Amino acid sequence: MRPTLLWSPLLLLGVFAAAAPPDPLSQLPAPQHPKIRLYNAEQVLSWEPVALSNSTRPVVYQVQFKYTDSKWFMADIMSIGVNCTQITTTECDFTAATSSAGFPMDFNVTLRLRAELGALHSAWVTMPWFQHYRNVTVGPPKNIEVTPAEGSLIIRFSSPFDIADTSTAFFCYYVHYWEKGGIQQVKGPFRSNSISLDNLKPFRVYCLQVQAQLLWNKSNIFRVGHLSNISCYETMADASTELQQVILISVGTFSLLLVLAGACFFLVLKYRGLIKYWFHTPPSIPLQIEEYLKDPTQPILEALDKDSSPKDDVWDSVSIISFPEKEQEDVLQTL
């Protein structure tokens with residue numbers, strides 16, 4: 001007697017499914033090389049596009065996220081403030097709306113991503129979890145302004161990004177500075193956004209870089225930031241240098257005045273006759289004659305005779321008592 005073969009429906013389904021040719025669009029390839037960029041306050045997920053050679057429809061992407069013990073959420077406007085569902089771009093910027101948007105910086109966040117085409121989709125690609133404060137790349141301080149002062153440089157700047165709660169995380173700053181051609185020095189840490197480099201040499205050129213460091217108190221984690229670009233400035237004179245300048249200028253001025261006075265005195269002595277000639281007062285006409293010249297009818301001569309009195313004519317008589325012999329001979333010869 002020949003045995004009877006019994007076929008179950010499940011076995012038949014398995015046979016036919018295994019025998020059916022695979023559908024090329026039944027499963028999409030997953031996005032490749034996803035990566036998260038955490039720079040300052042930025043939170044950006046990017047990946048390589050999925051390319052299909054036998055489809056003209058665009059591939060769209062969907063991003064989901066979850067926290068440590070939560071379920072998966074769609075990355076849309078309602079949940080995170082940006083739309084990262086059914087997008088054709090290969091990037092999702094969670095902080096595109098505002099710099100304060102995105103995931104909380106102290107939360108443990110996990111992301112996953114998949115490609116979709118109509119009713120088809122790829123497998124999920126799950127990213128390793130991250131914490132912003134733990135994994136962020138800190139840039140240099142922003143808006144750096146340097147003001148040269150008396151033997152010092154005053155530096156003002158703003159933080160690389162804003163921190164909502166400074167009791168859990170904060171920035172401290174370091175200044176790397178050196179005299180041009182000299183040895184580099186480091187000053188810090190500072191909590192303030194205004195730093196003064198004191199005790200610098202006056203009228204010297206100093207170069208500097210500012211660096212921020214993020215400290216997260218909760219996990220005792222710190223992230224060293226990038227250095228700012230090198231900038232150089234010349235210091236001004238301090239109080240002692242200004243006093244020295246005043247003294248030197250005063251001494252120099254006094255010395256110059258002494259030299260000029262001595263030169264003038266020497267010239268006066270050397271050219272005394274010429275100076276007297278230049279400054280000699282020209283002879284003037286007597287007042288009576290000047291009046292006569294103005295009015296010739298005046299009896300000027302009679303007035304002069306009346307003014308002259310015999311008592312005003314005074315003279316002395318001189319008598320020659322004796323001559324030396326030689327001088328007497330000369331006098332007689334002249335006679």
# chains A, B, ... in the order shown; residues from 1 in each chain; ligands from 1
>>> closest_atom_pairs(of="region 57-94 of chain A", to="region 30-50 of chain A", cutoff="12 Å", atoms="only C-alpha atoms", output="JSON lines")
{"residue": "A:Arg57", "atom": "CA", "partner": "A:Val50", "partner_atom": "CA", "distance": 11.9}
{"residue": "A:Pro58", "atom": "CA", "partner": "A:Val50", "partner_atom": "CA", "distance": 9.5}
{"residue": "A:Val59", "atom": "CA", "partner": "A:Val50", "partner_atom": "CA", "distance": 7.0}
{"residue": "A:Val60", "atom": "CA", "partner": "A:Val50", "partner_atom": "CA", "distance": 9.0}
{"residue": "A:Tyr61", "atom": "CA", "partner": "A:Pro31", "partner_atom": "CA", "distance": 8.7}
{"residue": "A:Gln62", "atom": "CA", "partner": "A:Pro31", "partner_atom": "CA", "distance": 10.6}
{"residue": "A:Val63", "atom": "CA", "partner": "A:Leu45", "partner_atom": "CA", "distance": 9.2}
{"residue": "A:Gln64", "atom": "CA", "partner": "A:Leu45", "partner_atom": "CA", "distance": 11.2}
{"residue": "A:Phe65", "atom": "CA", "partner": "A:Leu45", "partner_atom": "CA", "distance": 11.4}
{"residue": "A:Ala75", "atom": "CA", "partner": "A:Leu45", "partner_atom": "CA", "distance": 11.5}
{"residue": "A:Ile80", "atom": "CA", "partner": "A:Gln43", "partner_atom": "CA", "distance": 11.7}
{"residue": "A:Val82", "atom": "CA", "partner": "A:Val44", "partner_atom": "CA", "distance": 11.4}
{"residue": "A:Cys84", "atom": "CA", "partner": "A:Leu45", "partner_atom": "CA", "distance": 10.0}
{"residue": "A:Ile87", "atom": "CA", "partner": "A:Pro49", "partner_atom": "CA", "distance": 11.6}
{"residue": "A:Thr88", "atom": "CA", "partner": "A:Pro49", "partner_atom": "CA", "distance": 9.0}
{"residue": "A:Thr89", "atom": "CA", "partner": "A:Pro49", "partner_atom": "CA", "distance": 8.3}
{"residue": "A:Thr90", "atom": "CA", "partner": "A:Trp47", "partner_atom": "CA", "distance": 5.6}
{"residue": "A:Glu91", "atom": "CA", "partner": "A:Ser46", "partner_atom": "CA", "distance": 4.3}
{"residue": "A:Cys92", "atom": "CA", "partner": "A:Leu45", "partner_atom": "CA", "distance": 5.1}
{"residue": "A:Asp93", "atom": "CA", "partner": "A:Val44", "partner_atom": "CA", "distance": 4.3}
{"residue": "A:Phe94", "atom": "CA", "partner": "A:Gln43", "partner_atom": "CA", "distance": 5.6}
>>> residues_around(residues="Ser152 (chain A)", least_positions_apart="5", cutoff="7 Å", atoms="only C-alpha atoms", output="number ranges by chain")
A: 196-200, 235
>>> write_last_selection(atoms="C-alpha atoms", output="PDB file, in the first residue's frame")
ATOM      1  CA  SER A 196      42.821  92.620  32.248  1.00  0.00           C
ATOM      2  CA  LEU A 197      46.419  91.679  31.487  1.00  0.00           C
ATOM      3  CA  ASP A 198      48.441  93.884  33.852  1.00  0.00           C
ATOM      4  CA  ASN A 199      52.135  94.581  34.453  1.00  0.00           C
ATOM      5  CA  LEU A 200      52.977  94.682  30.759  1.00  0.00           C
ATOM      6  CA  THR A 235      50.468  98.799  25.044  1.00  0.00           C
TER       7      THR A 235
END
>>> residues_around(residues="Lys187 (chain A)", least_positions_apart="2", cutoff="8 Å", atoms="only C-alpha atoms", output="list in words")
Tyr174, Val175, His176, Gln185 and Pro189 of chain A
>>> residues_around(residues="Asn193 (chain A)", least_positions_apart="3", cutoff="8 Å", atoms="only C-alpha atoms", output="number ranges by chain")
A: 156-159, 190
>>> closest_atom_pairs(of="region 132-193 of chain A", to="region 208-224 of chain A", cutoff="7 Å", atoms="only C-alpha atoms", output="JSON lines")
{"residue": "A:Tyr133", "atom": "CA", "partner": "A:Trp216", "partner_atom": "CA", "distance": 6.7}
{"residue": "A:Arg134", "atom": "CA", "partner": "A:Ile221", "partner_atom": "CA", "distance": 6.7}
{"residue": "A:Val138", "atom": "CA", "partner": "A:Val224", "partner_atom": "CA", "distance": 6.7}
{"residue": "A:Pro140", "atom": "CA", "partner": "A:Gln211", "partner_atom": "CA", "distance": 5.7}
{"residue": "A:Pro141", "atom": "CA", "partner": "A:Ala212", "partner_atom": "CA", "distance": 6.2}
{"residue": "A:Thr168", "atom": "CA", "partner": "A:Asn217", "partner_atom": "CA", "distance": 5.3}
{"residue": "A:Ala169", "atom": "CA", "partner": "A:Trp216", "partner_atom": "CA", "distance": 4.4}
{"residue": "A:Phe170", "atom": "CA", "partner": "A:Leu215", "partner_atom": "CA", "distance": 5.6}
{"residue": "A:Phe171", "atom": "CA", "partner": "A:Leu214", "partner_atom": "CA", "distance": 4.7}
{"residue": "A:Cys172", "atom": "CA", "partner": "A:Gln213", "partner_atom": "CA", "distance": 5.4}
{"residue": "A:Tyr173", "atom": "CA", "partner": "A:Ala212", "partner_atom": "CA", "distance": 4.6}
{"residue": "A:Tyr174", "atom": "CA", "partner": "A:Gln211", "partner_atom": "CA", "distance": 5.2}
{"residue": "A:Val175", "atom": "CA", "partner": "A:Val210", "partner_atom": "CA", "distance": 4.7}
{"residue": "A:His176", "atom": "CA", "partner": "A:Gln209", "partner_atom": "CA", "distance": 5.1}
{"residue": "A:Tyr177", "atom": "CA", "partner": "A:Leu208", "partner_atom": "CA", "distance": 4.1}
{"residue": "A:Trp178", "atom": "CA", "partner": "A:Leu208", "partner_atom": "CA", "distance": 6.5}
>>> select_by_dssp(residues="region 182-279 of chain A", states="helix (DSSP H, G or I)", output="MDAnalysis selection string")
chainID A and resid 239:270 272:279
>>> atom_distance(atom1="CA of Met236 (chain A)", atom2="CA of Val205 (chain A)")
9.8 Å
>>> select_by_dssp(residues="region 62-177 of chain A", states="strand (DSSP E)", output="ChimeraX atom specification")
/A:62-66,73-74,85-87,91-93,110-117,120-121,125-126,142-149,152-158,169-177
>>> closest_residue(among="A:Val186, A:Leu260, A:Ala237, A:Ala123", to="Gly151 (chain A)", atoms="only C-alpha atoms")
A:Ala237
>>> atom_distance(atom1="CA of Pro104 (chain A)", atom2="CA of Phe161 (chain A)")
13.8 Å
>>> closest_residue(among="A:Pro29, A:Asn229, A:Ser192, A:Met105", to="Val125 (chain A)", atoms="only C-alpha atoms")
A:Pro29
>>> closest_residue(among="A:Asn83, A:Asn108, A:Ser122, A:Ser70", to="Gln27 (chain A)", atoms="only C-alpha atoms")
A:Ser122
>>> atom_distance(atom1="CA of Glu150 (chain A)", atom2="CA of Thr253 (chain A)")
25.3 Å
>>> closest_residue(among="A:Met74, A:Ala51, A:Pro160, A:Val268", to="Val136 (chain A)", atoms="only C-alpha atoms")
A:Pro160
>>> decode(residues="region 20-150 of chain A", atoms="C-alpha atoms", output="mmCIF file, in the first residue's frame")
data_model
loop_
_atom_site.group_PDB
_atom_site.id
_atom_site.type_symbol
_atom_site.label_atom_id
_atom_site.label_comp_id
_atom_site.auth_asym_id
_atom_site.auth_seq_id
_atom_site.Cartn_x
_atom_site.Cartn_y
_atom_site.Cartn_z
ATOM 1 C CA ALA A 20 8.633 33.430 -5.345
ATOM 2 C CA PRO A 21 11.231 35.776 -6.848
ATOM 3 C CA PRO A 22 12.197 38.661 -4.486
ATOM 4 C CA ASP A 23 10.735 42.131 -5.168
ATOM 5 C CA PRO A 24 13.600 44.665 -5.709
ATOM 6 C CA LEU A 25 11.631 47.396 -3.886
ATOM 7 C CA SER A 26 10.453 45.264 -1.000
ATOM 8 C CA GLN A 27 13.334 46.477 1.175
ATOM 9 C CA LEU A 28 15.204 49.804 0.840
ATOM 10 C CA PRO A 29 18.887 50.118 1.716
ATOM 11 C CA ALA A 30 19.487 51.938 4.976
ATOM 12 C CA PRO A 31 21.137 55.381 5.068
ATOM 13 C CA GLN A 32 24.900 55.131 5.444
ATOM 14 C CA HIS A 33 27.403 56.866 7.731
ATOM 15 C CA PRO A 34 25.055 58.913 9.924
ATOM 16 C CA LYS A 35 26.812 61.316 12.250
ATOM 17 C CA ILE A 36 25.812 63.935 14.802
ATOM 18 C CA ARG A 37 27.505 67.320 14.882
ATOM 19 C CA LEU A 38 27.666 68.991 18.297
ATOM 20 C CA TYR A 39 29.463 72.303 17.931
ATOM 21 C CA ASN A 40 28.701 74.962 20.538
ATOM 22 C CA ALA A 41 24.886 75.011 20.657
ATOM 23 C CA GLU A 42 24.416 73.233 17.304
ATOM 24 C CA GLN A 43 22.836 69.766 17.123
ATOM 25 C CA VAL A 44 22.832 68.522 13.520
ATOM 26 C CA LEU A 45 22.319 64.951 12.262
ATOM 27 C CA SER A 46 23.556 64.159 8.734
ATOM 28 C CA TRP A 47 23.901 61.035 6.568
ATOM 29 C CA GLU A 48 24.650 59.862 3.051
ATOM 30 C CA PRO A 49 21.695 59.625 0.615
ATOM 31 C CA VAL A 50 20.116 56.357 -0.479
ATOM 32 C CA ALA A 51 20.458 55.984 -4.250
ATOM 33 C CA LEU A 52 18.023 53.828 -6.282
ATOM 34 C CA SER A 53 18.688 53.230 -9.947
ATOM 35 C CA ASN A 54 15.247 51.776 -10.813
ATOM 36 C CA SER A 55 12.988 54.392 -9.258
ATOM 37 C CA THR A 56 12.238 57.972 -10.259
ATOM 38 C CA ARG A 57 10.467 58.844 -7.027
ATOM 39 C CA PRO A 58 12.549 60.624 -4.365
ATOM 40 C CA VAL A 59 13.557 58.772 -1.242
ATOM 41 C CA VAL A 60 12.448 60.488 1.964
ATOM 42 C CA TYR A 61 13.824 60.093 5.444
ATOM 43 C CA GLN A 62 12.412 59.895 8.920
ATOM 44 C CA VAL A 63 14.200 60.644 12.195
ATOM 45 C CA GLN A 64 13.091 59.557 15.651
ATOM 46 C CA PHE A 65 14.558 60.193 19.092
ATOM 47 C CA LYS A 66 14.206 59.035 22.664
ATOM 48 C CA TYR A 67 15.616 59.826 26.066
ATOM 49 C CA THR A 68 17.042 57.299 28.529
ATOM 50 C CA ASP A 69 13.852 55.463 29.586
ATOM 51 C CA SER A 70 11.314 56.926 27.178
ATOM 52 C CA LYS A 71 9.675 55.595 24.047
ATOM 53 C CA TRP A 72 10.563 56.677 20.525
ATOM 54 C CA PHE A 73 9.199 60.049 19.381
ATOM 55 C CA MET A 74 8.828 61.469 15.905
ATOM 56 C CA ALA A 75 11.204 64.383 15.329
ATOM 57 C CA ASP A 76 8.547 66.897 14.296
ATOM 58 C CA ILE A 77 7.444 70.418 15.124
ATOM 59 C CA MET A 78 5.285 69.338 18.052
ATOM 60 C CA SER A 79 7.989 67.358 19.812
ATOM 61 C CA ILE A 80 11.306 69.044 19.047
ATOM 62 C CA GLY A 81 10.458 72.286 17.213
ATOM 63 C CA VAL A 82 11.716 71.197 13.772
ATOM 64 C CA ASN A 83 10.359 68.799 11.172
ATOM 65 C CA CYS A 84 12.580 65.814 10.390
ATOM 66 C CA THR A 85 9.887 63.460 9.050
ATOM 67 C CA GLN A 86 9.295 62.765 5.362
ATOM 68 C CA ILE A 87 12.195 65.038 4.367
ATOM 69 C CA THR A 88 14.250 64.724 1.185
ATOM 70 C CA THR A 89 17.354 66.431 2.553
ATOM 71 C CA THR A 90 20.114 64.392 4.153
ATOM 72 C CA GLU A 91 20.399 66.604 7.214
ATOM 73 C CA CYS A 92 18.302 67.371 10.255
ATOM 74 C CA ASP A 93 19.227 70.510 12.181
ATOM 75 C CA PHE A 94 17.531 70.322 15.570
ATOM 76 C CA THR A 95 18.649 73.874 16.436
ATOM 77 C CA ALA A 96 17.601 75.488 13.151
ATOM 78 C CA ALA A 97 14.674 77.367 14.701
ATOM 79 C CA THR A 98 16.624 79.105 17.499
ATOM 80 C CA SER A 99 19.930 78.590 19.249
ATOM 81 C CA SER A 100 18.016 77.561 22.398
ATOM 82 C CA ALA A 101 16.045 74.871 20.543
ATOM 83 C CA GLY A 102 17.082 71.243 20.275
ATOM 84 C CA PHE A 103 17.548 68.601 22.935
ATOM 85 C CA PRO A 104 18.311 69.516 26.548
ATOM 86 C CA MET A 105 22.070 69.693 26.884
ATOM 87 C CA ASP A 106 22.242 67.495 29.977
ATOM 88 C CA PHE A 107 19.864 64.770 28.662
ATOM 89 C CA ASN A 108 20.882 61.372 27.359
ATOM 90 C CA VAL A 109 19.603 61.324 23.741
ATOM 91 C CA THR A 110 19.450 58.495 21.209
ATOM 92 C CA LEU A 111 18.576 58.998 17.524
ATOM 93 C CA ARG A 112 17.537 56.588 14.786
ATOM 94 C CA LEU A 113 16.993 57.074 11.093
ATOM 95 C CA ARG A 114 15.478 55.220 8.139
ATOM 96 C CA ALA A 115 14.712 55.735 4.443
ATOM 97 C CA GLU A 116 11.185 55.524 3.001
ATOM 98 C CA LEU A 117 9.724 55.217 -0.485
ATOM 99 C CA GLY A 118 5.950 55.013 -0.587
ATOM 100 C CA ALA A 119 4.922 52.021 1.501
ATOM 101 C CA LEU A 120 8.473 50.708 1.569
ATOM 102 C CA HIS A 121 11.096 51.566 4.132
ATOM 103 C CA SER A 122 14.581 50.578 5.184
ATOM 104 C CA ALA A 123 15.748 49.191 8.471
ATOM 105 C CA TRP A 124 16.347 51.637 11.297
ATOM 106 C CA VAL A 125 19.882 52.891 11.773
ATOM 107 C CA THR A 126 20.393 53.714 15.447
ATOM 108 C CA MET A 127 23.006 56.192 16.543
ATOM 109 C CA PRO A 128 25.002 55.830 19.779
ATOM 110 C CA TRP A 129 23.546 57.931 22.594
ATOM 111 C CA PHE A 130 25.047 61.321 23.371
ATOM 112 C CA GLN A 131 24.908 64.092 25.938
ATOM 113 C CA HIS A 132 25.560 67.584 24.648
ATOM 114 C CA TYR A 133 27.718 68.708 27.570
ATOM 115 C CA ARG A 134 29.683 65.450 27.415
ATOM 116 C CA ASN A 135 30.312 65.350 23.643
ATOM 117 C CA VAL A 136 30.190 68.958 22.488
ATOM 118 C CA THR A 137 33.048 70.644 20.628
ATOM 119 C CA VAL A 138 33.549 74.074 22.197
ATOM 120 C CA GLY A 139 34.561 76.880 19.872
ATOM 121 C CA PRO A 140 36.533 80.010 20.798
ATOM 122 C CA PRO A 141 34.897 82.942 22.584
ATOM 123 C CA LYS A 142 32.975 85.338 20.350
ATOM 124 C CA ASN A 143 33.111 89.123 19.787
ATOM 125 C CA ILE A 144 36.607 89.563 21.223
ATOM 126 C CA GLU A 145 37.554 93.218 21.792
ATOM 127 C CA VAL A 146 40.941 94.339 23.124
ATOM 128 C CA THR A 147 41.594 97.846 24.465
ATOM 129 C CA PRO A 148 45.231 98.919 25.082
ATOM 130 C CA ALA A 149 45.674 100.737 28.389
ATOM 131 C CA GLU A 150 48.497 101.991 30.627
#
